[in-house]
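This is start06.txt. It holds compact mmCIF, C-alpha atoms.
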```txt
# COMPACT_ATOMS: atom_id res chain seq x y z
CA MET G 1 0.00 0.00 0.00
CA GLY G 2 2.86 2.35 0.70
CA ASN G 3 6.03 2.88 -1.19
CA ASN G 4 7.93 0.44 1.03
CA GLY G 5 9.83 3.34 2.58
CA SER G 6 11.76 4.04 -0.59
CA THR G 7 12.29 7.67 -1.71
CA ARG G 8 13.40 8.84 -5.11
CA GLY G 9 15.51 11.98 -5.13
CA ALA G 10 14.65 14.76 -7.57
CA ARG G 11 16.97 14.80 -10.53
CA LYS G 12 19.39 17.75 -10.43
CA PRO G 13 20.02 19.66 -13.57
CA SER G 14 23.32 18.90 -15.17
CA VAL G 15 26.08 21.43 -14.64
CA LYS G 16 28.32 22.37 -17.54
CA SER G 17 31.98 21.90 -17.00
CA SER G 18 34.08 24.95 -16.25
CA GLY G 19 35.76 24.46 -19.57
CA SER G 20 32.59 25.35 -21.46
CA SER G 21 32.97 28.21 -24.00
CA SER G 22 29.41 29.52 -23.41
CA ARG G 23 29.40 33.40 -22.90
CA LYS G 24 27.61 34.77 -19.86
CA LYS G 25 24.75 37.22 -20.54
CA PRO G 26 23.49 40.05 -18.36
CA ALA G 27 20.53 39.34 -16.15
CA ASP G 28 17.17 38.91 -17.88
CA GLY G 29 18.87 38.51 -21.22
CA VAL G 30 19.61 42.25 -21.70
CA GLY G 31 22.58 42.69 -24.01
CA ARG G 32 25.40 45.20 -23.59
CA ARG G 33 24.18 47.22 -26.59
CA ALA G 34 20.72 47.44 -25.08
CA LEU G 35 22.21 48.62 -21.79
CA LEU G 36 24.18 51.33 -23.58
CA ILE G 37 21.14 52.48 -25.55
CA GLY G 38 18.92 52.36 -22.47
CA GLY G 39 21.46 54.34 -20.48
CA GLY G 40 21.52 56.99 -23.18
CA ALA G 41 17.74 57.24 -23.04
CA VAL G 42 17.90 57.73 -19.28
CA VAL G 43 20.47 60.51 -19.69
CA ALA G 44 18.36 62.14 -22.43
CA ALA G 45 15.25 61.93 -20.28
CA GLY G 46 17.10 63.49 -17.38
CA THR G 47 18.35 66.33 -19.58
CA ALA G 48 14.83 66.94 -20.89
CA ALA G 49 13.49 67.05 -17.35
CA VAL G 50 16.08 69.66 -16.38
CA LEU G 51 15.17 71.78 -19.42
CA VAL G 52 11.46 71.57 -18.60
CA ARG G 53 12.13 72.47 -14.98
CA ASP G 54 14.22 75.49 -16.00
CA ARG G 55 11.54 76.63 -18.46
CA VAL G 56 8.85 76.37 -15.78
CA LYS G 57 11.03 78.40 -13.41
CA ARG G 58 11.39 81.15 -16.04
CA LEU G 59 7.73 81.13 -17.04
CA TRP G 60 6.13 80.28 -13.70
CA TRP G 61 3.40 82.88 -14.21
CA GLN G 62 2.05 80.97 -17.23
CA VAL G 63 1.13 77.96 -15.10
CA PRO G 64 -2.69 77.72 -14.86
CA GLY G 65 -4.00 79.64 -11.88
CA VAL G 66 -0.88 81.81 -11.60
CA GLU G 67 -1.09 85.44 -12.72
CA LYS G 68 1.47 87.43 -14.68
CA PRO G 69 3.75 89.66 -12.63
CA ARG G 70 2.21 93.09 -11.92
CA LYS G 71 3.44 96.41 -10.61
CA PRO G 72 1.19 99.15 -9.20
CA GLY G 73 0.66 101.93 -11.73
CA GLU G 74 2.10 99.96 -14.65
CA LEU G 75 0.85 101.11 -18.05
CA ASP G 76 -0.05 99.18 -21.18
CA TYR G 77 0.11 102.30 -23.38
CA ALA G 78 3.07 104.67 -23.27
CA GLY G 79 0.97 107.75 -24.09
CA ALA G 80 -1.23 107.39 -21.01
CA THR G 81 -0.98 108.38 -17.37
CA TRP G 82 -2.25 106.08 -14.63
CA VAL G 83 -5.25 106.80 -12.41
CA ALA G 84 -6.69 103.66 -10.81
CA ALA G 85 -10.40 102.88 -11.08
CA SER G 86 -12.21 101.46 -8.07
CA GLU G 87 -11.78 97.71 -7.80
CA ALA G 88 -15.57 97.45 -7.66
CA ASN G 89 -15.74 98.57 -11.31
CA TRP G 90 -13.61 95.82 -12.86
CA ARG G 91 -12.65 92.17 -12.38
CA ARG G 92 -9.12 90.85 -11.99
CA ALA G 93 -8.17 88.54 -14.85
CA ASP G 94 -5.16 87.31 -16.79
CA ARG G 95 -5.97 88.20 -20.37
CA PRO G 96 -5.29 87.04 -23.02
CA ASP G 97 -4.48 83.71 -21.32
CA ASP G 98 -7.95 83.28 -19.82
CA PHE G 99 -9.93 85.37 -22.35
CA PRO G 100 -8.75 86.35 -25.84
CA VAL G 101 -8.90 90.10 -26.48
CA ASP G 102 -10.50 90.69 -29.89
CA ARG G 103 -12.52 93.93 -29.62
CA VAL G 104 -11.98 97.64 -29.01
CA ILE G 105 -15.19 99.24 -27.75
CA ILE G 106 -15.67 102.98 -28.32
CA HIS G 107 -17.68 104.99 -25.76
CA VAL G 108 -18.59 108.64 -25.17
CA THR G 109 -18.73 109.78 -21.54
CA GLN G 110 -21.84 112.00 -21.59
CA GLY G 111 -19.88 114.34 -19.35
CA SER G 112 -16.50 115.91 -18.76
CA PHE G 113 -13.13 114.19 -18.54
CA ALA G 114 -12.92 114.93 -14.81
CA SER G 115 -16.40 113.57 -14.13
CA ALA G 116 -15.60 110.33 -15.97
CA VAL G 117 -12.45 109.83 -13.88
CA ARG G 118 -14.42 110.58 -10.73
CA VAL G 119 -17.24 108.10 -11.37
CA PHE G 120 -14.79 105.36 -12.38
CA GLN G 121 -13.15 105.81 -8.97
CA ASP G 122 -16.54 105.49 -7.26
CA PRO G 123 -17.25 101.89 -6.14
CA ALA G 124 -20.99 102.53 -6.31
CA HIS G 125 -20.82 103.25 -10.05
CA GLN G 126 -20.22 99.57 -10.94
CA ALA G 127 -18.79 100.42 -14.37
CA ALA G 128 -15.59 101.72 -15.97
CA THR G 129 -13.48 101.51 -19.12
CA HIS G 130 -9.78 100.82 -19.47
CA TYR G 131 -9.01 104.27 -20.91
CA ILE G 132 -10.43 107.81 -21.11
CA VAL G 133 -9.43 110.20 -23.90
CA GLY G 134 -9.96 113.93 -23.42
CA GLN G 135 -10.95 116.55 -25.98
CA ASP G 136 -7.38 117.89 -25.70
CA GLY G 137 -5.96 114.44 -26.54
CA ARG G 138 -4.76 113.43 -23.08
CA VAL G 139 -5.17 109.77 -22.16
CA VAL G 140 -5.70 108.21 -18.74
CA GLN G 141 -5.48 104.47 -18.16
CA MET G 142 -7.63 103.32 -15.22
CA ILE G 143 -7.70 99.52 -15.64
CA ARG G 144 -5.00 97.15 -16.95
CA GLU G 145 -5.72 95.46 -20.26
CA LEU G 146 -5.09 92.21 -18.38
CA ASP G 147 -8.31 92.79 -16.48
CA VAL G 148 -12.02 92.83 -17.33
CA ALA G 149 -13.70 96.25 -17.18
CA TYR G 150 -17.42 96.44 -16.48
CA GLN G 151 -18.02 98.58 -19.54
CA ALA G 152 -20.48 97.15 -22.03
CA GLY G 153 -23.39 95.55 -20.18
CA ASN G 154 -22.52 92.20 -21.79
CA ARG G 155 -20.28 89.71 -20.02
CA ALA G 156 -18.75 88.17 -23.14
CA TYR G 157 -17.93 91.58 -24.63
CA ASN G 158 -16.51 92.76 -21.31
CA GLU G 159 -14.25 89.71 -21.13
CA ARG G 160 -12.97 90.10 -24.69
CA GLY G 161 -12.90 93.88 -25.11
CA VAL G 162 -10.75 96.90 -24.30
CA GLY G 163 -12.89 99.97 -23.66
CA ILE G 164 -12.09 103.61 -24.48
CA GLU G 165 -14.22 106.50 -23.22
CA HIS G 166 -14.18 109.87 -25.03
CA GLU G 167 -14.97 113.14 -23.31
CA GLY G 168 -18.18 114.77 -24.52
CA PHE G 169 -21.82 114.29 -25.39
CA VAL G 170 -23.25 112.19 -28.23
CA ASP G 171 -25.50 115.02 -29.48
CA ARG G 172 -22.70 117.62 -29.69
CA PRO G 173 -20.48 117.02 -32.73
CA LYS G 174 -18.15 119.85 -31.65
CA ASP G 175 -17.07 117.68 -28.70
CA LEU G 176 -15.40 115.20 -31.07
CA THR G 177 -12.23 117.20 -31.60
CA LYS G 178 -9.34 116.64 -33.99
CA ALA G 179 -6.98 116.12 -31.04
CA MET G 180 -9.30 113.52 -29.54
CA TYR G 181 -9.65 111.56 -32.78
CA ALA G 182 -5.90 111.53 -33.38
CA SER G 183 -4.99 110.55 -29.81
CA SER G 184 -7.66 107.85 -29.64
CA ALA G 185 -6.58 106.44 -33.00
CA ARG G 186 -2.99 106.06 -31.76
CA LEU G 187 -4.26 104.31 -28.64
CA THR G 188 -6.49 101.94 -30.61
CA ALA G 189 -3.67 101.14 -33.06
CA SER G 190 -1.48 100.24 -30.08
CA ILE G 191 -4.16 98.00 -28.56
CA CYS G 192 -4.73 96.25 -31.90
CA ALA G 193 -0.99 95.65 -32.31
CA ARG G 194 -0.64 94.19 -28.81
CA HIS G 195 -3.54 91.77 -29.20
CA GLY G 196 -3.52 91.05 -32.94
CA ILE G 197 -6.91 92.72 -33.48
CA PRO G 198 -7.82 93.51 -37.11
CA ILE G 199 -8.44 97.18 -37.84
CA ASP G 200 -11.99 97.01 -39.16
CA ARG G 201 -15.57 97.68 -38.12
CA GLU G 202 -16.11 94.10 -37.00
CA HIS G 203 -13.45 94.42 -34.31
CA ILE G 204 -13.55 98.16 -33.52
CA ILE G 205 -17.12 98.84 -32.50
CA GLY G 206 -19.33 101.32 -30.68
CA HIS G 207 -20.99 100.67 -27.35
CA VAL G 208 -24.31 100.90 -29.17
CA GLU G 209 -23.39 97.76 -31.15
CA VAL G 210 -22.95 95.53 -28.11
CA PRO G 211 -25.82 93.01 -27.90
CA GLY G 212 -28.29 93.81 -25.14
CA THR G 213 -27.09 97.34 -24.44
CA ASP G 214 -29.38 100.32 -23.96
CA HIS G 215 -26.61 102.84 -24.74
CA THR G 216 -26.36 104.87 -27.95
CA ASP G 217 -22.73 106.01 -27.79
CA PRO G 218 -20.57 106.96 -29.53
CA GLY G 219 -23.59 108.43 -31.29
CA PRO G 220 -24.51 109.51 -34.83
CA HIS G 221 -21.76 112.16 -35.08
CA TRP G 222 -18.87 109.75 -34.57
CA ASP G 223 -17.06 109.57 -37.93
CA TRP G 224 -16.14 105.90 -38.33
CA ASP G 225 -14.50 106.26 -41.75
CA ARG G 226 -12.28 109.05 -40.49
CA TYR G 227 -11.46 107.19 -37.30
CA LEU G 228 -10.48 103.90 -38.95
CA GLU G 229 -8.29 105.73 -41.45
CA LEU G 230 -6.51 107.44 -38.55
CA VAL G 231 -6.07 104.09 -36.77
CA ARG G 232 -4.54 102.55 -39.92
CA ARG G 233 -2.15 105.48 -40.30
CA ALA G 234 -1.12 105.21 -36.68
CA ALA G 235 -0.57 101.46 -37.07
CA ALA G 236 1.77 102.12 -40.01
CA ALA G 237 3.78 104.73 -38.09
CA PRO G 238 7.01 103.89 -36.18
CA PRO G 239 6.30 102.10 -32.89
CA VAL G 240 5.93 104.09 -29.69
CA PRO G 241 8.55 103.32 -26.96
CA SER G 242 7.52 100.90 -24.23
CA PRO G 243 5.74 102.49 -21.26
CA SER G 244 7.51 103.21 -18.01
CA PRO G 245 6.14 101.12 -15.11
CA SER G 246 6.38 104.20 -12.86
CA ALA G 247 4.46 106.58 -15.13
CA LYS G 248 1.54 108.02 -13.20
CA ALA G 249 -0.80 111.01 -13.38
```
As structure tokens, what does this structure read like?
Amino acid sequence: MGNNGSTRGARKPSVKSSGSSSRKKPADGVGRRALLIGGGAVVAAGTAAVLVRDRVKRLWWQVPGVEKPRKPGELDYAGATWVAASEANWRRADRPDDFPVDRVIIHVTQGSFASAVRVFQDPAHQAATHYIVGQDGRVVQMIRELDVAYQAGNRAYNERGVGIEHEGFVDRPKDLTKAMYASSARLTASICARHGIPIDREHIIGHVEVPGTDHTDPGPHWDWDRYLELVRRAAAAPPVPSPSPSAKA
């Protein structure tokens, strides 16, 4: 019934004599050439990682959720002076990374230059534009082009537009002075150059053309043909020097 107490040992594999000419291979059958190639890949990957890390360190502000560096009073347009609007009249953003900028929106203040500055500094006003242009041609920047101005009564147009107010009243053609047209045209040409905006009536529009608005500015006396021609001339002129971060009103 049993095996009579006998046991049979397991057969051991034969061992080749030490005189065998068989060449040893690296573990898992990986050849020397493969090791060399693999090592090169590791070095290349390490180099690539260092390059990526250095690029991220240089461009840290482009990482999602991280804003571009800012300085108080910094200008986007060299011909302007800085007067800050109330923070209640605009929204902090990081354009054009979060919203593409593809419109310039033309407004008329329905008041004086000083009154426009004053109401844009008033948190109860709940509206402002990026720039104001006076009848004498002076330009004030009140909101960075990075940020969204509450200007048009339409969220999408606010997020994608740069707004310019012009001193005067829509029913007084004398308010639209030669100095104002020329100064505003230089400003608009600069904005279009910075953001790649075409100089045409599809992309340079009046407040009245914003969907859902109840405003009529810049009004029937605004000369669009004249204005666009001035913008094109300004765009063809030599570039204006970069603005000084410390330039203020």
Sorted by chain and rising residue number, which residues of segment 64-93 of chain G lie within 9 Å of segment 116-132 of chain G, and what are their closest atom pairs and distances in Å to one decimal, counting all atoms listed in the file, as JSON lines?
```
{"residue": "G:Ala80", "atom": "CA", "partner": "G:Tyr131", "partner_atom": "CA", "distance": 8.4}
{"residue": "G:Val83", "atom": "CA", "partner": "G:Val117", "partner_atom": "CA", "distance": 7.9}
{"residue": "G:Ala84", "atom": "CA", "partner": "G:Gln121", "partner_atom": "CA", "distance": 7.1}
{"residue": "G:Ala85", "atom": "CA", "partner": "G:Gln121", "partner_atom": "CA", "distance": 4.5}
{"residue": "G:Ser86", "atom": "CA", "partner": "G:Gln121", "partner_atom": "CA", "distance": 4.5}
{"residue": "G:Glu87", "atom": "CA", "partner": "G:Pro123", "partner_atom": "CA", "distance": 7.1}
{"residue": "G:Ala88", "atom": "CA", "partner": "G:Pro123", "partner_atom": "CA", "distance": 5.0}
{"residue": "G:Asn89", "atom": "CA", "partner": "G:Gln126", "partner_atom": "CA", "distance": 4.6}
{"residue": "G:Trp90", "atom": "CA", "partner": "G:Ala128", "partner_atom": "CA", "distance": 7.0}
```
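Relative to atom CA of Arg91 of chain G, atom CA of Glu74 of chain G is found at 16.8 Å.
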May I ask which of the residues G:Leu146, G:Leu187, G:Ala182, G:Ser112 is the closest one to Gly79 of chain G, counting all atoms listed in the file?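 Closest to Gly79 of chain G, using all atoms listed in the file: G:Leu187.
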As a list in words, please: the residues near segment 208-218 of chain G (cut-off 8 Å, all atoms listed in the file, same-chain neighbours under 2 positions excluded).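 These residues fall inside the cut-off: Ile106, His107, Val108, Ala152, Gly153, Asn154, Tyr157, Val170, Ile205, Gly206, Pro220, His221 and Trp222 of chain G.
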Please indicate the distance in Å from atom CA of Phe99 of chain G to atom CA of Arg201 of chain G, rounded to one decimal place.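 The value is 20.8 Å.
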Kindly give the distance, in Å, that separates atom CA of Ala236 of chain G and atom CA of Glu145 of chain G, rounded to a single decimal.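 So the answer is 22.1 Å.
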Give me, as a tab-separated table, each residue of segment 134-155 of chain G that comes within 10 Å of segment 92-95 of chain G, together with its shortest interatomic pair and the distance in Å at one decimal, counting only C-alpha atoms, with rows ordered by chain and rising residue number.
```
residue	atom	partner	partner_atom	distance
G:Ile143	CA	G:Arg92	CA	9.5
G:Arg144	CA	G:Arg92	CA	9.0
G:Glu145	CA	G:Arg95	CA	7.3
G:Leu146	CA	G:Arg95	CA	4.6
G:Asp147	CA	G:Ala93	CA	4.6
G:Val148	CA	G:Ala93	CA	6.3
G:Ala149	CA	G:Arg92	CA	8.8
```
From the options G:Arg232, G:Arg160, G:His207, G:Arg172, which residue's atoms come nearest to Ala193 of chain G, counting all atoms listed in the file?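 Smallest separation from Ala193 of chain G among the options: G:Arg232.
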Which residue gives the smallest distance to Lys178 of chain G among G:Gly134, G:Tyr150, G:Gly196, G:Arg155, with all atoms listed in the file counted?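 Looking only at the distances to Lys178 of chain G, the closest residue turns out to be G:Gly134.
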Residue among G:Ile191, G:Ala185, G:Ile197, G:Pro96 lying closest to Arg233 of chain G, counting all atoms listed in the file: G:Ala185
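Among the candidates G:Arg186, G:Lys68, G:Arg103, G:Lys174, the one nearest to Arg138 of chain G when counting all atoms listed in the file is G:Arg186.
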For Ser115 of chain G, the nearest of the candidates G:Gly168, G:Pro198, G:Arg226, G:Thr188, counting all atoms listed in the file: G:Gly168
Mind filling out segment 133-144 of chain G with all heavy atoms and sending it as a PDB file, keeping the file's coordinate frame?
```pdb
ATOM      1  N   VAL G 133     -10.124 109.246 -23.044  1.00  0.00           N
ATOM      2  CA  VAL G 133      -9.430 110.200 -23.900  1.00  0.00           C
ATOM      3  C   VAL G 133     -10.144 111.545 -23.807  1.00  0.00           C
ATOM      4  O   VAL G 133     -11.368 111.614 -23.972  1.00  0.00           O
ATOM      5  CB  VAL G 133      -9.387 109.726 -25.363  1.00  0.00           C
ATOM      6  CG1 VAL G 133      -8.657 110.749 -26.238  1.00  0.00           C
ATOM      7  CG2 VAL G 133      -8.707 108.362 -25.462  1.00  0.00           C
ATOM      8  N   GLY G 134      -9.385 112.608 -23.549  1.00  0.00           N
ATOM      9  CA  GLY G 134      -9.960 113.930 -23.420  1.00  0.00           C
ATOM     10  C   GLY G 134     -10.061 114.658 -24.757  1.00  0.00           C
ATOM     11  O   GLY G 134      -9.443 114.272 -25.744  1.00  0.00           O
ATOM     12  N   GLN G 135     -10.821 115.743 -24.770  1.00  0.00           N
ATOM     13  CA  GLN G 135     -10.950 116.550 -25.980  1.00  0.00           C
ATOM     14  C   GLN G 135      -9.623 117.188 -26.377  1.00  0.00           C
ATOM     15  O   GLN G 135      -9.412 117.503 -27.550  1.00  0.00           O
ATOM     16  CB  GLN G 135     -12.022 117.623 -25.773  1.00  0.00           C
ATOM     17  CG  GLN G 135     -13.427 117.050 -25.667  1.00  0.00           C
ATOM     18  CD  GLN G 135     -14.468 118.104 -25.365  1.00  0.00           C
ATOM     19  OE1 GLN G 135     -14.163 119.274 -25.170  1.00  0.00           O
ATOM     20  NE2 GLN G 135     -15.735 117.687 -25.330  1.00  0.00           N
ATOM     21  N   ASP G 136      -8.713 117.351 -25.409  1.00  0.00           N
ATOM     22  CA  ASP G 136      -7.380 117.890 -25.700  1.00  0.00           C
ATOM     23  C   ASP G 136      -6.384 116.802 -26.084  1.00  0.00           C
ATOM     24  O   ASP G 136      -5.204 117.085 -26.314  1.00  0.00           O
ATOM     25  CB  ASP G 136      -6.859 118.681 -24.506  1.00  0.00           C
ATOM     26  CG  ASP G 136      -6.789 117.845 -23.216  1.00  0.00           C
ATOM     27  OD1 ASP G 136      -7.123 116.630 -23.261  1.00  0.00           O
ATOM     28  OD2 ASP G 136      -6.405 118.399 -22.171  1.00  0.00           O
ATOM     29  N   GLY G 137      -6.820 115.544 -26.128  1.00  0.00           N
ATOM     30  CA  GLY G 137      -5.960 114.440 -26.540  1.00  0.00           C
ATOM     31  C   GLY G 137      -5.286 113.691 -25.420  1.00  0.00           C
ATOM     32  O   GLY G 137      -4.634 112.664 -25.661  1.00  0.00           O
ATOM     33  N   ARG G 138      -5.408 114.154 -24.181  1.00  0.00           N
ATOM     34  CA  ARG G 138      -4.760 113.430 -23.080  1.00  0.00           C
ATOM     35  C   ARG G 138      -5.450 112.081 -22.865  1.00  0.00           C
ATOM     36  O   ARG G 138      -6.646 111.917 -23.123  1.00  0.00           O
ATOM     37  CB  ARG G 138      -4.794 114.249 -21.799  1.00  0.00           C
ATOM     38  CG  ARG G 138      -6.181 114.606 -21.327  1.00  0.00           C
ATOM     39  CD  ARG G 138      -6.134 115.482 -20.098  1.00  0.00           C
ATOM     40  NE  ARG G 138      -7.374 116.220 -19.942  1.00  0.00           N
ATOM     41  CZ  ARG G 138      -7.769 116.757 -18.804  1.00  0.00           C
ATOM     42  NH1 ARG G 138      -7.022 116.628 -17.720  1.00  0.00           N
ATOM     43  NH2 ARG G 138      -8.898 117.433 -18.746  1.00  0.00           N
ATOM     44  N   VAL G 139      -4.668 111.127 -22.368  1.00  0.00           N
ATOM     45  CA  VAL G 139      -5.170 109.770 -22.160  1.00  0.00           C
ATOM     46  C   VAL G 139      -4.864 109.330 -20.731  1.00  0.00           C
ATOM     47  O   VAL G 139      -3.736 109.470 -20.256  1.00  0.00           O
ATOM     48  CB  VAL G 139      -4.511 108.767 -23.141  1.00  0.00           C
ATOM     49  CG1 VAL G 139      -5.025 107.351 -22.895  1.00  0.00           C
ATOM     50  CG2 VAL G 139      -4.751 109.183 -24.580  1.00  0.00           C
ATOM     51  N   VAL G 140      -5.866 108.815 -20.068  1.00  0.00           N
ATOM     52  CA  VAL G 140      -5.700 108.210 -18.740  1.00  0.00           C
ATOM     53  C   VAL G 140      -6.026 106.735 -18.857  1.00  0.00           C
ATOM     54  O   VAL G 140      -7.026 106.364 -19.476  1.00  0.00           O
ATOM     55  CB  VAL G 140      -6.609 108.887 -17.698  1.00  0.00           C
ATOM     56  CG1 VAL G 140      -6.790 107.994 -16.469  1.00  0.00           C
ATOM     57  CG2 VAL G 140      -6.019 110.215 -17.257  1.00  0.00           C
ATOM     58  N   GLN G 141      -5.169 105.891 -18.287  1.00  0.00           N
ATOM     59  CA  GLN G 141      -5.480 104.470 -18.160  1.00  0.00           C
ATOM     60  C   GLN G 141      -5.912 104.216 -16.723  1.00  0.00           C
ATOM     61  O   GLN G 141      -5.221 104.588 -15.771  1.00  0.00           O
ATOM     62  CB  GLN G 141      -4.292 103.579 -18.502  1.00  0.00           C
ATOM     63  CG  GLN G 141      -4.625 102.097 -18.392  1.00  0.00           C
ATOM     64  CD  GLN G 141      -3.547 101.166 -18.932  1.00  0.00           C
ATOM     65  OE1 GLN G 141      -2.474 101.600 -19.333  1.00  0.00           O
ATOM     66  NE2 GLN G 141      -3.839  99.870 -18.933  1.00  0.00           N
ATOM     67  N   MET G 142      -7.076 103.551 -16.553  1.00  0.00           N
ATOM     68  CA  MET G 142      -7.630 103.320 -15.220  1.00  0.00           C
ATOM     69  C   MET G 142      -7.719 101.843 -14.857  1.00  0.00           C
ATOM     70  O   MET G 142      -7.875 101.512 -13.677  1.00  0.00           O
ATOM     71  CB  MET G 142      -9.002 103.978 -15.109  1.00  0.00           C
ATOM     72  CG  MET G 142      -8.963 105.482 -15.377  1.00  0.00           C
ATOM     73  SD  MET G 142     -10.457 106.376 -14.880  1.00  0.00           S
ATOM     74  CE  MET G 142     -10.329 106.317 -13.088  1.00  0.00           C
ATOM     75  N   ILE G 143      -7.628 100.970 -15.858  1.00  0.00           N
ATOM     76  CA  ILE G 143      -7.700  99.520 -15.640  1.00  0.00           C
ATOM     77  C   ILE G 143      -6.673  98.878 -16.574  1.00  0.00           C
ATOM     78  O   ILE G 143      -6.546  99.282 -17.737  1.00  0.00           O
ATOM     79  CB  ILE G 143      -9.109  98.973 -15.947  1.00  0.00           C
ATOM     80  CG1 ILE G 143     -10.146  99.649 -15.045  1.00  0.00           C
ATOM     81  CG2 ILE G 143      -9.163  97.458 -15.779  1.00  0.00           C
ATOM     82  CD1 ILE G 143     -11.590  99.354 -15.453  1.00  0.00           C
ATOM     83  N   ARG G 144      -5.950  97.861 -16.098  1.00  0.00           N
ATOM     84  CA  ARG G 144      -5.000  97.150 -16.950  1.00  0.00           C
ATOM     85  C   ARG G 144      -5.739  96.383 -18.034  1.00  0.00           C
ATOM     86  O   ARG G 144      -6.846  95.864 -17.817  1.00  0.00           O
ATOM     87  CB  ARG G 144      -4.178  96.161 -16.116  1.00  0.00           C
ATOM     88  CG  ARG G 144      -3.154  96.782 -15.187  1.00  0.00           C
ATOM     89  CD  ARG G 144      -2.042  97.504 -15.930  1.00  0.00           C
ATOM     90  NE  ARG G 144      -1.425  96.675 -16.940  1.00  0.00           N
ATOM     91  CZ  ARG G 144      -0.427  95.785 -16.702  1.00  0.00           C
ATOM     92  NH1 ARG G 144       0.027  95.625 -15.468  1.00  0.00           N
ATOM     93  NH2 ARG G 144       0.095  95.081 -17.687  1.00  0.00           N
TER      94      ARG G 144
END
```
